[in-house]
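First the structure, in the form of structure tokens, and then the observations on it.
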Amino acid sequence: MRFEKWQALGNDYLILERDELAFELTPGRIRRLCEGHFGVFADGVLLLSAPADAAHVADLRIFNPDGSEAELSGNGAREAILYLRARGWTAKDSFAINTAAGEIRPQITGPYTCRVDMGRASLHSKDFPGGPEDGQGGVVSAGGEWAFRHVSIGNPQCAIHVASLAELEALELPAIGPAIEADAQFPNRTNVSWYTESEPGRPGAIRARIFERGVGETLSSGTGATGAAVAHALEYEGELRPARVTVALDGGKLEVEVGDQLNINLTGWARPVFTGELSEEFEKELHETE
């Protein structure tokens, strides 16, 4: 079985085409594929299949390394988009694909770069059902209380503003993140981002760290960066509100455009790492995995 591994700012996925699969992708098989040492090792799996209608180039499903399915991934989406173009699924610079979060529309800007219309973010969603319209709330973890803003960008984001770069870098995300991800306020669990201004007093540039649902701390996340960018932009009013936010992550930088109605465009890169083929022995192990 052939696969490719791609990465975007260190966020790496295995890309599989549905027609080449010899078995169904169960949670156990996904965990086995993504496992370090014993598997291929990855932050998740991107499954591409022929679209249900002619308006889309492909259908995309996104799986976390714990076997759960994610509605959307900004980094994973860019990897899938650029893979589709590189592998001849389309020759167009602009097209549409289906995801569990709905349609997304990319614009190819270079061999390994694209700008993705992610749709409209929302501050109130089924993933924070008891929350107010502005998405603001509080959560307790690791002995502290954290004020946050909920942002839905096809998947749930919990964006937490901290006071300084020093405070951000000192956070022990593996100790803080799990309780927030699984807090009862978020029935479908949540992704969490902590952010602060790169240059205090200058809107439009932030540093963020990400704890991803089903993954843990990660080098980057496109939707996590988007949640932090939206929360940052909403801290400013009128002409001070930035229309574009540069988000510096452990794996690099992403550009997030935040429209007046919270319409989102995400710009960044993604690159192939290698192409591989699973051995017959490993395929047999996967067949025997539930």
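FYI, nothing fancy with the structure tokens labels: chains A, B, ... in order, residues from 1 per chain, ligands from 1 as they appear.
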**Message:** Quick one: residues within 12 Å of Val40 of chain A, only C-alpha atoms, excluding same-chain residues fewer than 2 positions away - as a PyMOL selection string?
**Reply:** chain A and resi 3-5+12-15+29-38+42-45+65+274-279+282-283
**Message:** Can you pull out the residues contacting Gly28 of chain A? Cut-off 12 Å, using only C-alpha atoms, and skip same-chain residues under 5 positions away; I want them as a list in words.
**Reply:** Leu33, Cys34, Glu35, Phe63, Asn64, Pro65, Asp66, Gly67, Ser68, Glu285, Leu286, His287, Glu288, Thr289 and Glu290 of chain A
**Message:** Quick check, in Å to one decimal: how far apart do atom CA of Pro203 of chain A and atom CA of Arg241 of chain A lie?
**Reply:**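 Atom CA of Pro203 of chain A sits 7.2 Å away from atom CA of Arg241 of chain A.
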**Near-Glu255 of chain A list (8 Å; only C-alpha atoms; drop same-chain fewer than 6 positions) as a ChimeraX atom specification** = /A:244-247,266-268
Just write the chosen residues, N, CA and C atoms, as a PDB file, in the first residue's frame.
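Final output, part-v5.pdb:
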ATOM      1  N   ARG A 244      -4.962  41.328   9.440  1.00  0.00           N
ATOM      2  CA  ARG A 244      -4.053  40.215   9.191  1.00  0.00           C
ATOM      3  C   ARG A 244      -3.204  40.001  10.442  1.00  0.00           C
ATOM      4  N   VAL A 245      -3.108  38.757  10.872  1.00  0.00           N
ATOM      5  CA  VAL A 245      -2.336  38.424  12.067  1.00  0.00           C
ATOM      6  C   VAL A 245      -1.261  37.411  11.685  1.00  0.00           C
ATOM      7  N   THR A 246      -0.011  37.729  11.998  1.00  0.00           N
ATOM      8  CA  THR A 246       1.089  36.785  11.823  1.00  0.00           C
ATOM      9  C   THR A 246       1.242  36.001  13.111  1.00  0.00           C
ATOM     10  N   VAL A 247       1.127  34.681  13.002  1.00  0.00           N
ATOM     11  CA  VAL A 247       1.200  33.815  14.181  1.00  0.00           C
ATOM     12  C   VAL A 247       2.500  33.017  14.130  1.00  0.00           C
ATOM     13  N   LEU A 266      -6.286  31.511   5.481  1.00  0.00           N
ATOM     14  CA  LEU A 266      -5.054  31.033   6.108  1.00  0.00           C
ATOM     15  C   LEU A 266      -4.014  30.791   5.024  1.00  0.00           C
ATOM     16  N   THR A 267      -2.836  31.395   5.181  1.00  0.00           N
ATOM     17  CA  THR A 267      -1.773  31.251   4.188  1.00  0.00           C
ATOM     18  C   THR A 267      -0.538  30.624   4.826  1.00  0.00           C
ATOM     19  N   GLY A 268       0.023  29.626   4.137  1.00  0.00           N
ATOM     20  CA  GLY A 268       1.228  28.979   4.636  1.00  0.00           C
ATOM     21  C   GLY A 268       1.733  27.944   3.655  1.00  0.00           C
TER      22      GLY A 268
END
**Request:** With a distance cut-off of 10 Å and only C-alpha atoms, select the neighbouring residues of Ala225 of chain A, excluding the residue or stretch itself and same-chain residues fewer than 3 positions from it, and output the selection as a ChimeraX atom specification.
**Result:** /A:74-75,157,159,192-195,206-210,220-222,228-231,245-249,253-256,266
Got time to write the residues from that selection, N, CA and C atoms, as a compact mmCIF listing (two decimals), in the first residue's frame?
# COMPACT_ATOMS: atom_id res chain seq x y z
N GLY A 74 -5.91 23.00 9.58
CA GLY A 74 -5.37 23.97 8.63
C GLY A 74 -4.10 23.48 7.97
N ASN A 75 -3.19 22.89 8.78
CA ASN A 75 -1.97 22.35 8.21
C ASN A 75 -2.25 21.12 7.35
N GLN A 157 -11.89 25.59 19.20
CA GLN A 157 -10.64 26.17 19.69
C GLN A 157 -10.91 26.91 21.00
N ALA A 159 -8.92 29.62 23.04
CA ALA A 159 -7.77 30.52 22.92
C ALA A 159 -7.57 31.28 24.24
N VAL A 192 -6.59 23.66 22.28
CA VAL A 192 -6.26 24.78 23.17
C VAL A 192 -5.03 25.51 22.62
N SER A 193 -5.10 26.84 22.60
CA SER A 193 -3.93 27.64 22.23
C SER A 193 -3.71 28.71 23.29
N TRP A 194 -2.44 28.91 23.60
CA TRP A 194 -2.03 30.01 24.47
C TRP A 194 -1.24 30.99 23.60
N TYR A 195 -1.51 32.28 23.75
CA TYR A 195 -0.86 33.25 22.87
C TYR A 195 -0.57 34.54 23.61
N ILE A 206 1.57 37.77 16.89
CA ILE A 206 1.48 37.04 18.15
C ILE A 206 2.37 35.79 18.09
N ARG A 207 2.70 35.31 19.27
CA ARG A 207 3.40 34.04 19.44
C ARG A 207 2.40 33.11 20.11
N ALA A 208 2.29 31.86 19.63
CA ALA A 208 1.32 30.93 20.18
C ALA A 208 1.94 29.55 20.39
N ARG A 209 1.39 28.84 21.36
CA ARG A 209 1.71 27.43 21.58
C ARG A 209 0.40 26.65 21.58
N ILE A 210 0.46 25.41 21.09
CA ILE A 210 -0.76 24.67 20.78
C ILE A 210 -0.79 23.34 21.52
N SER A 220 2.83 22.94 15.61
CA SER A 220 1.99 23.96 14.98
C SER A 220 0.60 23.40 14.74
N SER A 221 -0.34 24.29 14.48
CA SER A 221 -1.70 23.92 14.10
C SER A 221 -2.29 25.10 13.35
N GLY A 222 -2.80 24.84 12.14
CA GLY A 222 -3.40 25.92 11.38
C GLY A 222 -4.68 26.45 12.00
N ALA A 228 -6.31 31.51 17.85
CA ALA A 228 -5.55 32.52 18.57
C ALA A 228 -5.60 33.86 17.85
N ALA A 229 -5.51 33.84 16.51
CA ALA A 229 -5.54 35.09 15.73
C ALA A 229 -6.89 35.79 15.87
N VAL A 230 -7.97 35.03 15.83
CA VAL A 230 -9.31 35.63 15.98
C VAL A 230 -9.45 36.24 17.37
N ALA A 231 -9.05 35.48 18.40
CA ALA A 231 -9.16 36.01 19.77
C ALA A 231 -8.32 37.27 19.93
N VAL A 245 -3.11 38.76 10.87
CA VAL A 245 -2.34 38.42 12.07
C VAL A 245 -1.26 37.41 11.68
N THR A 246 -0.01 37.73 12.00
CA THR A 246 1.09 36.78 11.82
C THR A 246 1.24 36.00 13.11
N VAL A 247 1.13 34.68 13.00
CA VAL A 247 1.20 33.81 14.18
C VAL A 247 2.50 33.02 14.13
N ALA A 248 3.37 33.26 15.11
CA ALA A 248 4.63 32.52 15.21
C ALA A 248 4.41 31.32 16.11
N LEU A 249 4.66 30.12 15.55
CA LEU A 249 4.50 28.87 16.26
C LEU A 249 5.87 28.20 16.40
N LYS A 253 5.85 30.22 10.91
CA LYS A 253 4.84 31.28 10.93
C LYS A 253 3.72 31.01 9.93
N LEU A 254 2.50 31.44 10.32
CA LEU A 254 1.34 31.40 9.46
C LEU A 254 0.71 32.78 9.41
N GLU A 255 0.07 33.09 8.28
CA GLU A 255 -0.64 34.36 8.13
C GLU A 255 -2.15 34.08 8.17
N VAL A 256 -2.84 34.78 9.06
CA VAL A 256 -4.29 34.60 9.20
C VAL A 256 -4.98 35.93 8.92
N LEU A 266 -6.29 31.51 5.48
CA LEU A 266 -5.05 31.03 6.11
C LEU A 266 -4.01 30.79 5.02
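Proximity of A:Gly119, A:Gly154, A:Gly216, A:Pro187 to Gly131 of chain A, computed with only C-alpha atoms, is greatest for A:Pro187.
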**Message:** Can you measure atom CA of Ala243 of chain A to atom CA of Glu257 of chain A for me? One decimal in Å is fine.
**Reply:** 5.7 Å
**Complete:** Taken to one decimal, the atom CA of Trp6 of chain A-atom CA of Val273 of chain A distance is 5.1 Å
**Backbone DSSP call of strand (DSSP E or B) for segment 123-152 of chain A, listed as a list in words** =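 Output for segment 123-152 of chain A, strand (DSSP E or B) only: Gln136, Gly137, Gly138, Val139, Val140, Ser141, Gly144, Glu145, Trp146, Ala147, Phe148, Arg149, His150, Val151 and Ser152 of chain A.
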**Which of A:Gly204, A:Val139, A:Ala163, A:Arg149 sits closest to Ile176 of chain A [using only C-alpha atoms]** =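 Nearest to Ile176 of chain A: A:Val139.
Counting only C-alpha atoms, the residue from A:Glu212, A:Phe128, A:Gln136, A:Ile81 that sits nearest to Arg105 of chain A is A:Ile81.
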